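Trainee: See input.txt below, with compact mmCIF, C-alpha atoms (C1' of nucleotides).
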# COMPACT_ATOMS: atom_id res chain seq x y z
CA MET R 1463 0.00 0.00 0.00
CA SER R 1464 3.05 2.19 -0.28
CA ASP R 1465 2.01 4.59 -3.02
CA VAL R 1466 -1.20 4.04 -4.90
CA SER R 1467 -1.47 7.75 -5.67
CA SER R 1468 -2.64 8.67 -9.13
CA PRO R 1469 -1.11 7.71 -12.45
CA PRO R 1470 2.25 5.93 -12.92
CA PRO R 1471 4.69 8.81 -13.58
CA ILE R 1472 6.99 8.15 -10.65
CA SER R 1473 10.19 7.00 -12.36
CA ALA R 1474 13.26 9.17 -12.04
CA ARG R 1475 13.31 9.75 -15.79
CA ALA R 1476 9.69 10.85 -15.77
CA ARG R 1477 10.39 13.36 -13.03
CA GLU R 1478 13.38 14.60 -14.99
CA ILE R 1479 11.12 15.12 -18.00
CA VAL R 1480 8.51 17.20 -16.19
CA ALA R 1481 11.29 19.21 -14.54
CA ALA R 1482 12.76 19.99 -17.95
CA ALA R 1483 9.31 20.87 -19.26
CA ARG R 1484 8.75 23.23 -16.36
CA ASP R 1485 12.12 24.91 -16.84
CA LEU R 1486 11.27 25.53 -20.48
CA LEU R 1487 7.77 26.74 -19.68
CA GLU R 1488 8.77 29.15 -16.96
CA GLY R 1489 12.01 30.18 -18.63
CA GLU R 1490 11.00 30.68 -22.25
CA GLY R 1491 7.22 30.52 -22.39
CA PRO R 1492 4.71 27.96 -23.59
CA GLU R 1493 5.86 27.76 -27.20
CA ALA R 1494 9.30 26.65 -26.02
CA VAL R 1495 8.01 23.49 -24.40
CA SER R 1496 8.17 21.09 -27.32
CA MET R 1497 8.96 17.39 -27.18
CA ARG R 1498 12.26 17.98 -28.98
CA ARG R 1499 13.30 20.79 -26.65
CA ILE R 1500 12.42 18.75 -23.58
CA ALA R 1501 14.38 15.77 -24.87
CA ASP R 1502 17.37 17.93 -25.80
CA ARG R 1503 17.51 19.31 -22.30
CA ILE R 1504 17.93 15.89 -20.72
CA GLY R 1505 20.20 14.54 -23.44
CA ILE R 1506 17.89 12.14 -25.25
CA LYS R 1507 15.84 12.24 -28.46
CA ALA R 1508 12.21 13.24 -28.70
CA PRO R 1509 10.73 9.82 -29.55
CA SER R 1510 12.26 8.37 -26.39
CA LEU R 1511 9.93 10.57 -24.34
CA TYR R 1512 7.09 8.35 -25.47
CA LYS R 1513 8.57 5.50 -23.46
CA HIS R 1514 7.69 7.51 -20.35
CA PHE R 1515 4.57 9.48 -21.29
CA PRO R 1516 1.86 8.55 -23.79
CA ASP R 1517 1.81 12.01 -25.34
CA LYS R 1518 2.60 15.66 -24.73
CA SER R 1519 -0.62 16.34 -22.88
CA ALA R 1520 0.39 13.76 -20.26
CA VAL R 1521 3.53 15.76 -19.54
CA GLU R 1522 1.41 18.90 -19.33
CA ASN R 1523 -0.98 17.17 -16.95
CA ALA R 1524 1.94 16.39 -14.66
CA LEU R 1525 2.87 20.09 -14.73
CA ILE R 1526 -0.72 21.02 -14.00
CA ALA R 1527 -0.84 18.69 -11.01
CA GLU R 1528 2.41 20.16 -9.73
CA GLY R 1529 1.09 23.70 -10.05
CA MET R 1530 -2.24 22.91 -8.44
CA ALA R 1531 -0.53 21.33 -5.46
CA GLU R 1532 1.65 24.43 -5.05
CA LEU R 1533 -1.33 26.75 -5.38
CA ALA R 1534 -3.28 24.70 -2.84
CA ALA R 1535 -0.35 24.91 -0.42
CA ALA R 1536 -0.11 28.69 -0.91
CA LEU R 1537 -3.82 29.13 -0.22
CA GLU R 1538 -3.69 26.88 2.84
CA ALA R 1539 -0.77 28.88 4.16
CA ALA R 1540 -2.68 32.11 3.65
CA GLU R 1541 -5.70 30.62 5.37
CA ALA R 1542 -3.65 29.52 8.36
CA GLY R 1543 -1.63 32.70 8.55
CA ARG R 1544 -4.34 35.29 8.83
CA ALA R 1545 -4.97 36.87 12.22
CA GLU R 1546 -7.87 35.24 14.01
CA GLY R 1547 -9.34 38.67 14.63
CA GLU R 1548 -10.34 39.09 11.00
CA GLY R 1549 -13.82 38.13 9.99
CA ARG R 1550 -14.86 36.38 6.80
CA ALA R 1551 -14.10 39.57 4.91
CA GLY R 1552 -10.41 39.58 5.67
CA GLY R 1553 -10.27 35.90 4.78
CA VAL R 1554 -11.42 36.50 1.25
CA ALA R 1555 -8.98 39.36 0.72
CA VAL R 1556 -6.04 37.39 2.08
CA LEU R 1557 -6.86 34.40 -0.08
CA ALA R 1558 -7.32 36.59 -3.14
CA GLY R 1559 -3.93 38.15 -2.47
CA ALA R 1560 -2.28 34.74 -2.22
CA TYR R 1561 -4.04 33.58 -5.38
CA ARG R 1562 -2.88 36.61 -7.32
CA ALA R 1563 0.65 36.34 -5.96
CA TYR R 1564 0.99 32.73 -7.07
CA ALA R 1565 -0.36 33.46 -10.54
CA LEU R 1566 1.96 36.44 -11.02
CA ALA R 1567 4.94 34.42 -9.80
CA HIS R 1568 4.22 31.58 -12.25
CA PRO R 1569 2.27 33.19 -15.10
CA ASP R 1570 2.80 30.55 -17.77
CA LEU R 1571 2.22 27.66 -15.40
CA TYR R 1572 -0.94 29.35 -14.14
CA ARG R 1573 -2.23 29.76 -17.67
CA LEU R 1574 -1.47 26.14 -18.41
CA MET R 1575 -3.32 25.09 -15.26
CA SER R 1576 -6.39 27.19 -15.85
CA GLY R 1577 -6.76 27.65 -19.57
CA GLN R 1578 -7.99 24.27 -20.66
CA PRO R 1579 -10.64 21.69 -19.72
CA LEU R 1580 -9.01 19.85 -16.80
CA ASP R 1581 -8.41 16.16 -17.37
CA ARG R 1582 -9.56 15.24 -13.89
CA ALA R 1583 -8.75 11.54 -14.35
CA ALA R 1584 -5.08 12.46 -14.75
CA LEU R 1585 -4.98 14.36 -11.47
CA PRO R 1586 -4.21 13.04 -7.99
CA ALA R 1587 -7.49 12.29 -6.26
CA GLY R 1588 -8.74 15.13 -4.10
CA LEU R 1589 -6.27 17.72 -5.38
CA GLU R 1590 -8.91 19.89 -7.00
CA ASP R 1591 -11.04 19.87 -3.84
CA ARG R 1592 -8.01 20.63 -1.71
CA ALA R 1593 -7.18 23.68 -3.82
CA ALA R 1594 -10.78 24.87 -3.61
CA GLY R 1595 -11.08 24.24 0.14
CA PRO R 1596 -9.69 27.46 1.61
CA LEU R 1597 -11.95 29.61 -0.51
CA VAL R 1598 -15.17 27.73 0.17
CA ARG R 1599 -14.35 27.82 3.88
CA ALA R 1600 -13.72 31.58 3.69
CA VAL R 1601 -17.19 32.19 2.25
CA GLY R 1602 -18.85 29.96 4.81
CA GLY R 1603 -19.49 27.04 2.49
CA ASP R 1604 -21.69 28.92 0.05
CA ALA R 1605 -20.90 27.28 -3.30
CA ASP R 1606 -22.37 30.12 -5.36
CA ALA R 1607 -20.32 32.68 -3.49
CA ALA R 1608 -17.17 30.58 -3.79
CA ARG R 1609 -17.62 30.26 -7.56
CA ALA R 1610 -18.28 33.98 -7.88
CA VAL R 1611 -15.12 35.02 -6.06
CA TRP R 1612 -13.14 32.35 -7.90
CA GLY R 1613 -14.44 33.81 -11.15
CA PHE R 1614 -13.48 37.28 -10.00
CA ALA R 1615 -9.98 36.31 -8.93
CA HIS R 1616 -9.33 34.21 -12.02
CA GLY R 1617 -10.64 36.89 -14.33
CA MET R 1618 -8.57 39.64 -12.71
CA VAL R 1619 -5.44 37.51 -12.82
CA VAL R 1620 -5.85 36.38 -16.38
CA LEU R 1621 -6.64 39.86 -17.66
CA GLU R 1622 -3.63 41.21 -15.82
CA LEU R 1623 -1.37 38.46 -17.21
CA ALA R 1624 -2.61 39.17 -20.73
CA GLY R 1625 -1.92 42.88 -20.29
CA ARG R 1626 -5.52 43.75 -20.99
CA PHE R 1627 -5.85 46.48 -18.41
CA PRO R 1628 -4.60 49.96 -19.32
CA PRO R 1629 -0.82 50.24 -18.81
CA GLY R 1630 -0.85 52.23 -15.59
CA ALA R 1631 -4.11 50.90 -14.17
CA ASP R 1632 -4.43 50.76 -10.38
CA LEU R 1633 -5.26 47.08 -10.10
CA SER R 1634 -4.93 46.94 -6.34
CA GLY R 1635 -7.87 49.32 -6.21
CA ALA R 1636 -9.96 47.03 -8.38
CA TRP R 1637 -8.96 44.02 -6.25
CA ALA R 1638 -9.93 45.86 -3.09
CA LYS R 1639 -13.26 46.84 -4.62
CA GLY R 1640 -13.97 43.26 -5.60
CA CYS R 1641 -12.93 41.73 -2.30
CA GLY R 1642 -14.98 44.33 -0.46
CA ALA R 1643 -18.05 43.57 -2.55
CA PHE R 1644 -17.77 39.88 -1.86
CA SER R 1645 -17.12 40.35 1.84
CA ALA R 1646 -20.28 42.28 2.70
CA GLU R 1647 -22.82 39.90 4.18
CA PRO R 1648 -25.75 39.18 1.86
CA ALA R 1649 -28.34 41.81 2.77
CA LEU R 1650 -31.65 40.18 1.95
CA ASP R 1651 -30.70 36.63 1.11
CA MET Z 1360 -17.16 60.43 -43.75
CA SER Z 1361 -18.05 57.20 -45.46
CA ASP Z 1362 -15.57 54.72 -44.02
CA VAL Z 1363 -12.24 55.83 -42.72
CA SER Z 1364 -12.13 52.86 -40.37
CA SER Z 1365 -8.80 51.41 -39.36
CA PRO Z 1366 -6.12 49.54 -41.26
CA PRO Z 1367 -6.18 48.62 -44.97
CA PRO Z 1368 -7.99 45.26 -45.00
CA ILE Z 1369 -10.97 46.40 -47.05
CA SER Z 1370 -10.53 44.50 -50.31
CA ALA Z 1371 -13.13 41.90 -51.18
CA ARG Z 1372 -10.53 39.16 -51.05
CA ALA Z 1373 -9.42 40.23 -47.59
CA ARG Z 1374 -12.98 40.13 -46.32
CA GLU Z 1375 -13.39 36.71 -47.89
CA ILE Z 1376 -10.30 35.55 -46.01
CA VAL Z 1377 -11.46 36.68 -42.59
CA ALA Z 1378 -14.90 35.22 -43.30
CA ALA Z 1379 -13.28 31.85 -44.07
CA ALA Z 1380 -11.14 32.12 -40.96
CA ARG Z 1381 -14.19 32.81 -38.85
CA ASP Z 1382 -16.10 29.89 -40.34
CA LEU Z 1383 -13.22 27.60 -39.48
CA LEU Z 1384 -12.81 29.04 -36.00
CA GLU Z 1385 -16.46 28.84 -35.05
CA GLY Z 1386 -17.09 25.61 -36.91
CA GLU Z 1387 -14.09 23.47 -36.04
CA GLY Z 1388 -12.23 25.27 -33.28
CA PRO Z 1389 -8.99 27.25 -33.10
CA GLU Z 1390 -6.66 24.50 -34.30
CA ALA Z 1391 -8.61 24.32 -37.57
CA VAL Z 1392 -7.80 27.89 -38.56
CA SER Z 1393 -4.54 27.40 -40.40
CA MET Z 1394 -3.31 29.34 -43.40
CA ARG Z 1395 -3.68 26.25 -45.59
CA ARG Z 1396 -7.24 25.54 -44.44
CA ILE Z 1397 -8.24 29.18 -44.92
CA ALA Z 1398 -6.78 29.22 -48.42
CA ASP Z 1399 -8.39 25.90 -49.32
CA ARG Z 1400 -11.77 27.22 -48.32
CA ILE Z 1401 -11.62 30.10 -50.80
CA GLY Z 1402 -9.95 28.10 -53.54
CA ILE Z 1403 -6.41 29.48 -53.45
CA LYS Z 1404 -3.07 28.34 -52.02
CA ALA Z 1405 -1.72 29.31 -48.64
CA PRO Z 1406 1.17 31.54 -49.80
CA SER Z 1407 -1.28 33.72 -51.73
CA LEU Z 1408 -2.82 34.81 -48.42
CA TYR Z 1409 0.34 36.78 -47.79
CA LYS Z 1410 -0.58 39.08 -50.66
CA HIS Z 1411 -3.49 40.28 -48.51
CA PHE Z 1412 -2.25 39.96 -44.92
CA PRO Z 1413 1.32 40.22 -43.62
CA ASP Z 1414 0.94 37.16 -41.39
CA LYS Z 1415 -1.55 34.97 -39.59
CA SER Z 1416 -1.84 37.27 -36.60
CA ALA Z 1417 -3.12 40.03 -38.89
CA VAL Z 1418 -6.00 37.79 -39.92
CA GLU Z 1419 -6.64 37.03 -36.27
CA ASN Z 1420 -6.59 40.72 -35.45
CA ALA Z 1421 -9.31 41.28 -38.04
CA LEU Z 1422 -11.37 38.56 -36.35
CA ILE Z 1423 -10.76 40.16 -32.98
CA ALA Z 1424 -11.92 43.55 -34.25
CA GLU Z 1425 -15.04 41.94 -35.69
CA GLY Z 1426 -15.83 40.21 -32.42
CA MET Z 1427 -15.20 43.28 -30.30
CA ALA Z 1428 -17.53 45.34 -32.48
CA GLU Z 1429 -20.24 42.71 -32.10
CA LEU Z 1430 -19.73 42.50 -28.36
CA ALA Z 1431 -19.85 46.28 -28.06
CA ALA Z 1432 -23.11 46.32 -30.02
CA ALA Z 1433 -24.60 43.61 -27.80
CA LEU Z 1434 -23.67 45.54 -24.65
CA GLU Z 1435 -25.02 48.80 -26.06
CA ALA Z 1436 -28.27 47.07 -26.92
CA ALA Z 1437 -28.53 45.67 -23.39
CA GLU Z 1438 -27.81 49.11 -21.96
CA ALA Z 1439 -30.49 50.73 -24.09
CA GLY Z 1440 -33.01 47.97 -23.57
CA ARG Z 1441 -33.20 47.86 -19.82
CA ALA Z 1442 -36.24 49.36 -18.13
CA GLU Z 1443 -35.55 52.89 -16.91
CA GLY Z 1444 -36.97 51.95 -13.53
CA GLU Z 1445 -33.97 49.79 -12.69
CA GLY Z 1446 -31.18 51.32 -10.73
CA ARG Z 1447 -27.46 50.82 -11.21
CA ALA Z 1448 -27.85 47.32 -9.83
CA GLY Z 1449 -30.08 46.10 -12.60
CA GLY Z 1450 -27.76 47.70 -15.12
CA VAL Z 1451 -24.82 45.59 -14.04
CA ALA Z 1452 -26.84 42.36 -14.08
CA VAL Z 1453 -28.27 43.05 -17.51
CA LEU Z 1454 -24.85 43.85 -18.94
CA ALA Z 1455 -23.33 40.79 -17.34
CA GLY Z 1456 -26.09 38.69 -18.87
CA ALA Z 1457 -25.43 40.13 -22.31
CA TYR Z 1458 -21.69 39.63 -21.87
CA ARG Z 1459 -22.13 36.01 -20.92
CA ALA Z 1460 -24.62 35.39 -23.70
CA TYR Z 1461 -22.24 36.70 -26.36
CA ALA Z 1462 -19.33 34.67 -25.04
CA LEU Z 1463 -21.37 31.45 -24.89
CA ALA Z 1464 -22.70 32.07 -28.40
CA HIS Z 1465 -19.17 32.54 -29.81
CA PRO Z 1466 -16.85 30.67 -27.44
CA ASP Z 1467 -13.82 30.31 -29.68
CA LEU Z 1468 -14.07 33.85 -30.99
CA TYR Z 1469 -14.39 35.14 -27.43
CA ARG Z 1470 -11.29 33.22 -26.36
CA LEU Z 1471 -9.40 34.59 -29.33
CA MET Z 1472 -10.50 38.12 -28.43
CA SER Z 1473 -9.65 37.91 -24.77
CA GLY Z 1474 -6.85 35.41 -24.39
CA GLN Z 1475 -3.89 37.35 -25.68
CA PRO Z 1476 -2.28 40.77 -25.28
CA LEU Z 1477 -4.37 43.00 -27.56
CA ASP Z 1478 -2.52 44.57 -30.46
CA ARG Z 1479 -4.24 47.90 -29.99
CA ALA Z 1480 -2.55 49.46 -33.02
CA ALA Z 1481 -4.30 46.93 -35.24
CA LEU Z 1482 -7.74 47.84 -33.90
CA PRO Z 1483 -10.13 50.50 -35.16
CA ALA Z 1484 -9.65 53.61 -33.06
CA GLY Z 1485 -12.05 53.86 -30.14
CA LEU Z 1486 -13.36 50.30 -30.43
CA GLU Z 1487 -11.95 49.19 -27.09
CA ASP Z 1488 -13.40 52.22 -25.32
CA ARG Z 1489 -16.73 51.70 -27.03
CA ALA Z 1490 -16.89 48.11 -25.79
CA ALA Z 1491 -16.01 49.22 -22.27
CA GLY Z 1492 -18.45 52.13 -22.27
CA PRO Z 1493 -21.69 50.48 -21.17
CA LEU Z 1494 -20.05 48.87 -18.15
CA VAL Z 1495 -18.26 51.96 -16.88
CA ARG Z 1496 -21.52 53.91 -17.25
CA ALA Z 1497 -23.38 51.21 -15.32
CA VAL Z 1498 -21.03 51.55 -12.36
CA GLY Z 1499 -21.18 55.32 -12.41
CA GLY Z 1500 -17.77 55.91 -13.91
CA ASP Z 1501 -15.80 54.22 -11.14
CA ALA Z 1502 -12.83 52.68 -12.98
CA ASP Z 1503 -11.93 50.34 -10.13
CA ALA Z 1504 -15.47 49.02 -9.95
CA ALA Z 1505 -15.65 48.63 -13.71
CA ARG Z 1506 -12.43 46.61 -13.76
CA ALA Z 1507 -13.61 44.46 -10.89
CA VAL Z 1508 -16.89 43.52 -12.55
CA TRP Z 1509 -15.12 43.03 -15.87
CA GLY Z 1510 -12.73 40.66 -14.12
CA PHE Z 1511 -15.67 38.86 -12.54
CA ALA Z 1512 -17.59 38.49 -15.79
CA HIS Z 1513 -14.54 37.48 -17.80
CA GLY Z 1514 -13.43 34.97 -15.19
CA MET Z 1515 -16.85 33.38 -14.90
CA VAL Z 1516 -17.19 33.13 -18.67
CA VAL Z 1517 -13.76 31.73 -19.28
CA LEU Z 1518 -14.06 29.16 -16.50
CA GLU Z 1519 -17.43 28.12 -17.84
CA LEU Z 1520 -16.09 27.82 -21.40
CA ALA Z 1521 -13.19 25.72 -20.18
CA GLY Z 1522 -15.56 23.44 -18.31
CA ARG Z 1523 -13.83 24.14 -15.03
CA PHE Z 1524 -16.94 24.29 -12.89
CA PRO Z 1525 -18.42 21.00 -11.66
CA PRO Z 1526 -20.61 19.40 -14.34
CA GLY Z 1527 -23.99 20.27 -12.87
CA ALA Z 1528 -23.02 23.50 -11.15
CA ASP Z 1529 -25.69 26.19 -10.81
CA LEU Z 1530 -23.83 28.98 -12.53
CA SER Z 1531 -26.79 31.33 -12.70
CA GLY Z 1532 -26.68 31.35 -8.91
CA ALA Z 1533 -23.03 32.34 -8.89
CA TRP Z 1534 -23.69 35.04 -11.48
CA ALA Z 1535 -26.53 36.42 -9.38
CA LYS Z 1536 -24.33 36.39 -6.30
CA GLY Z 1537 -21.60 38.28 -8.09
CA CYS Z 1538 -23.87 40.83 -9.69
CA GLY Z 1539 -25.56 41.38 -6.36
CA ALA Z 1540 -22.27 41.93 -4.61
CA PHE Z 1541 -21.19 44.50 -7.17
CA SER Z 1542 -24.51 46.28 -7.17
CA ALA Z 1543 -24.69 47.12 -3.46
CA GLU Z 1544 -23.59 50.70 -2.95
CA PRO Z 1545 -20.19 50.97 -1.23
CA ALA Z 1546 -20.99 51.14 2.47
CA LEU Z 1547 -18.12 53.12 3.95
CA ASP Z 1548 -16.29 54.33 0.88
C1' DG E 250 2.90 49.23 -77.04
C1' DT E 251 5.32 49.00 -73.11
C1' DT E 252 5.55 48.99 -68.24
C1' DG E 253 4.40 47.84 -63.85
C1' DA E 254 1.63 46.28 -60.23
C1' DC E 255 -1.53 42.79 -58.64
C1' DG E 256 -2.48 38.28 -57.36
C1' DG E 257 -2.10 33.86 -58.30
C1' DC E 258 1.34 29.66 -58.32
C1' DT E 259 5.26 25.88 -56.96
C1' DA E 260 9.09 24.60 -54.19
C1' DA E 261 11.19 24.78 -50.16
C1' DC E 262 12.85 25.57 -45.11
C1' DG E 263 12.63 24.71 -40.41
C1' DG E 264 9.62 23.65 -37.00
C1' DT E 265 5.73 20.69 -34.61
C1' DG E 266 3.61 15.99 -32.49
C1' DT E 267 3.80 11.32 -33.30
C1' DT E 268 4.60 6.38 -35.13
C1' DA E 269 7.20 2.32 -36.72
C1' DG E 270 10.79 -0.45 -36.23
C1' DC E 271 15.53 -1.60 -34.79
C1' DC E 272 18.86 -2.76 -31.19
C1' DG E 273 21.87 -3.06 -27.05
C1' DG E 274 21.98 -4.09 -22.32
C1' DA E 275 20.16 -5.62 -18.13
C1' DT E 276 17.32 -8.70 -15.70
C1' DG E 277 15.01 -12.83 -14.50
C1' DA E 278 14.03 -17.84 -15.36
C1' DT E 279 15.21 -22.35 -16.49
C1' DA V 426 25.24 -20.78 -17.80
C1' DT V 427 22.17 -20.00 -21.31
C1' DC V 428 18.10 -18.16 -22.95
C1' DA V 429 14.14 -15.01 -23.05
C1' DT V 430 12.11 -10.83 -22.06
C1' DC V 431 11.55 -6.23 -21.48
C1' DC V 432 13.21 -1.58 -20.92
C1' DG V 433 14.78 2.47 -22.88
C1' DG V 434 17.47 4.36 -26.05
C1' DC V 435 17.93 5.28 -31.37
C1' DT V 436 16.92 6.64 -36.69
C1' DA V 437 13.69 7.46 -40.31
C1' DA V 438 9.64 9.01 -41.58
C1' DC V 439 4.75 11.14 -41.95
C1' DA V 440 1.60 14.82 -41.99
C1' DC V 441 0.98 19.08 -40.55
C1' DC V 442 2.28 24.10 -39.37
C1' DG V 443 3.78 29.35 -40.65
C1' DT V 444 6.46 31.53 -43.83
C1' DT V 445 9.73 32.95 -47.79
C1' DA V 446 11.63 33.12 -52.47
C1' DG V 447 10.89 33.42 -56.95
C1' DC V 448 8.17 32.75 -61.19
C1' DC V 449 4.40 34.11 -64.29
C1' DG V 450 -0.03 35.54 -66.43
C1' DT V 451 -3.38 39.30 -66.63
C1' DC V 452 -4.74 43.80 -66.83
C1' DA V 453 -4.61 48.86 -66.35
C1' DA V 454 -2.23 53.05 -67.24
C1' DC V 455 0.71 55.89 -69.60
Would you mind writing the file out in structure tokens?

Mentor:
Amino acid sequence: MSDVSSPPPISARAREIVAAARDLLEGEGPEAVSMRRIADRIGIKAPSLYKHFPDKSAVENALIAEGMAELAAALEAAEAGRAEGEGRAGGVAVLAGAYRAYALAHPDLYRLMSGQPLDRAALPAGLEDRAAGPLVRAVGGDADAARAVWGFAHGMVVLELAGRFPPGADLSGAWAKGCGAFSAEPALD
Amino acid sequence: MSDVSSPPPISARAREIVAAARDLLEGEGPEAVSMRRIADRIGIKAPSLYKHFPDKSAVENALIAEGMAELAAALEAAEAGRAEGEGRAGGVAVLAGAYRAYALAHPDLYRLMSGQPLDRAALPAGLEDRAAGPLVRAVGGDADAARAVWGFAHGMVVLELAGRFPPGADLSGAWAKGCGAFSAEPALD
DNA sequence: GTTGACGGCTAACGGTGTTAGCCGGATGAT
DNA sequence: ATCATCCGGCTAACACCGTTAGCCGTCAAC
């Protein structure tokens, strides 16, 4: 019963491959992560990669799992670190700050994680729920509210990463406005 | 004052090219819109496209301009169509509904429009502002608030398009929650 | 009538993901 | 000790991608 985690990729070579893929992704952007570039980086030829992963998307799924685990850890740390004096409101703002910080620190990985229809079967069981946990707890378990603030945070982050806001826009103001709106208790609900 | 729009692409052939590109995009998805497939569809060879557009991104920019104009029109129609009795709150919800409806009706075009760093020089002058207009008016000209609800709407739409919410999730509830949060007047601001 | 631009074309380059098939070495079984 | 098996490399190749170079027919203008 040692390690019945998710899919097989546990061999040293496999880990080396996803590490190379991540270096390329975070160092040179998404178009740099090609099977030939990955193979080059670890001193083998591209077709040999297929002895370790069925296709490129499997390598990407490993990267996605890695990123989601890191993001979950960052959110859990933010959740644990906030002063107990803060109400639900502060919780949302702190989590949103941690979310944004992770995305800005790993822009290309974040886009890879969030830009495509998750292959949930290729993910460690429970990872997605673990990443969502801190936020749903911060909004008191209201699924609608959790989805709304997730949508807000994701949208803000992705627009910022794509440079869609005006050059000198005061984004912290917009974040504060959003977090404030979501922190007010529902008036007549 | 007939038509001093933006860049050159006004020839019949050029319009035919972007029409073919749009058919491919909306009919078979983004990976189907290749220079060879576009050319095939109008009965010429791929290299001939370069007599009308400098590169593929120029064709995409034409698609983006087309989509943004349509989205702007949809938002303006929603703005004009709402009952005058509604306050600012209703305005935001109506606009968000129109925004979501356009994105769901043209998912691949919307992703093309919103997923990359806008080449503003390639866009008709004033188009971006025109698309943003209805929303900033709905929030009373507060730029921070406008960016926050834009982030919310974009995030919700893009997560929905990517199938990131749980299969049977009640998204209309999350949308209502978000619009409600952004419609309450700022308490102590 | 000549010139020149327009808008097609073919051939080609370097890149992509991926498959087929070969082959050496290590490992396990008889 | 010999034999079989499988693992993990390899080369060659396919079909596609965006893009460039260079050729050529048509047609309008001077």

Trainee: Using all atoms listed in the file, what table do you get, as a tab-separated table, when you list each residue of chain R with an atom no more than 10 Å from chain Z, its nearest pair of atoms, and their distance in Å rounded to one decimal, rows by chain then rising number?

Mentor:
residue	atom	partner	partner_atom	distance
R:Arg1573	CA	Z:Gly1474	CA	9.9
R:Ser1576	CA	Z:Leu1518	CA	7.9
R:Gly1577	CA	Z:Ala1521	CA	6.7
R:Gln1578	CA	Z:Ala1521	CA	5.4
R:Pro1579	CA	Z:Ala1521	CA	4.8
R:Leu1580	CA	Z:Arg1523	CA	6.7
R:Asp1581	CA	Z:Arg1523	CA	9.9
R:Arg1582	CA	Z:Arg1523	CA	9.9
R:Asp1604	CA	Z:Ala1533	CA	9.7
R:Ala1605	CA	Z:Ala1533	CA	7.8
R:Asp1606	CA	Z:Ala1533	CA	4.2
R:Ala1607	CA	Z:Ala1533	CA	6.1
R:Ala1608	CA	Z:Ala1533	CA	8.0
R:Arg1609	CA	Z:Ala1533	CA	5.9
R:Ala1610	CA	Z:Ala1533	CA	5.1
R:Val1611	CA	Z:Gly1537	CA	7.5
R:Trp1612	CA	Z:Gly1514	CA	7.8
R:Gly1613	CA	Z:Gly1514	CA	4.3
R:Phe1614	CA	Z:Phe1511	CA	3.7
R:Ala1615	CA	Z:Phe1511	CA	7.2
R:His1616	CA	Z:Gly1514	CA	5.2
R:Gly1617	CA	Z:Gly1514	CA	3.5
R:Met1618	CA	Z:Gly1510	CA	4.5
R:Val1619	CA	Z:Gly1510	CA	8.0
R:Val1620	CA	Z:Gly1514	CA	7.8
R:Leu1621	CA	Z:Gly1510	CA	7.1
R:Glu1622	CA	Z:Gly1510	CA	9.3
R:Leu1623	CA	Z:Pro1476	CA	8.4
R:Ala1624	CA	Z:Pro1476	CA	4.8
R:Gly1625	CA	Z:Pro1476	CA	5.4
R:Arg1626	CA	Z:Pro1476	CA	6.1
R:Phe1627	CA	Z:Arg1506	CA	8.1
R:Ala1631	CA	Z:Asp1503	CA	8.8
R:Asp1632	CA	Z:Asp1503	CA	7.5
R:Leu1633	CA	Z:Asp1503	CA	7.4
R:Ser1634	CA	Z:Asp1503	CA	8.7
R:Gly1635	CA	Z:Asp1503	CA	5.7
R:Ala1636	CA	Z:Asp1503	CA	4.2
R:Trp1637	CA	Z:Ala1507	CA	6.6
R:Ala1638	CA	Z:Asp1503	CA	8.6
R:Lys1639	CA	Z:Ala1504	CA	6.2
R:Gly1640	CA	Z:Ala1507	CA	5.4
R:Cys1641	CA	Z:Ala1507	CA	9.0
R:Gly1642	CA	Z:Pro1545	CA	8.5
R:Ala1643	CA	Z:Ala1540	CA	5.0
R:Phe1644	CA	Z:Ala1540	CA	5.7
R:Ser1645	CA	Z:Ala1540	CA	8.4
R:Ala1646	CA	Z:Ala1540	CA	7.6
R:Glu1647	CA	Z:Ala1540	CA	9.0
R:Pro1648	CA	Z:Ala1540	CA	7.8
R:Ala1649	CA	Z:Ala1543	CA	9.0
R:Asp1651	CA	Z:Lys1536	CA	9.8

Trainee: Please determine, counting all atoms listed in the file, which residue among Z:Gly1386, Z:Gly1402, Z:Gly1500, Z:Pro1493 has the shortest atom-to-atom distance to chain E.

Mentor: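 Going through Z:Gly1386, Z:Gly1402, Z:Gly1500, Z:Pro1493 one by one, the smallest distance to chain E is for Z:Gly1402.
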
Trainee: Would you list which chain E residues are within 12 Å of chain Z using all atoms listed in the file, as a VMD selection string?

Mentor: chain E and resid 255 to 260

Trainee: With all atoms listed in the file considered, list every residue of chain Z at most 8 Å from chain V, as a ChimeraX atom specification.

Mentor: /Z:1393-1394,1406,1415

Trainee: Enclose all atoms of segment 1509-1525 of chain R listed in the file in an axis-aligned box, grow every side by 3 Å, and hand back centre and edge lengths in Å to one decimal, as AutoDock Vina command-line options.

Mentor:
--center_x 5.6 --center_y 12.8 --center_z -22.1 --size_x 19.2 --size_y 20.6 --size_z 20.9

Trainee: Atom CA of Val1598 of chain R and atom CA of Glu1538 of chain R, how far apart in Å?

Mentor: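 Atom-to-atom, atom CA of Glu1538 of chain R and atom CA of Val1598 of chain R are spaced 11.8 Å apart.
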
Trainee: Can you measure atom CA of Asp1382 of chain Z to atom CA of Ala1437 of chain Z for me? One decimal in Å is fine.

Mentor: 26.3 Å

Trainee: Which value, in Å to one decimal, gives the distance between atom CA of Arg1396 of chain Z and atom CA of Glu1419 of chain Z?

Mentor: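 Rounded to one decimal, the two atoms are 14.1 Å apart.
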
Trainee: Which one is closest to Arg1459 of chain Z: Z:Leu1383, Z:Ala1391, Z:Ala1433, Z:Ile1401? Count all atoms listed in the file.

Mentor: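 Between Z:Leu1383, Z:Ala1391, Z:Ala1433, Z:Ile1401, the residue approaching Arg1459 of chain Z most closely is Z:Ala1433.
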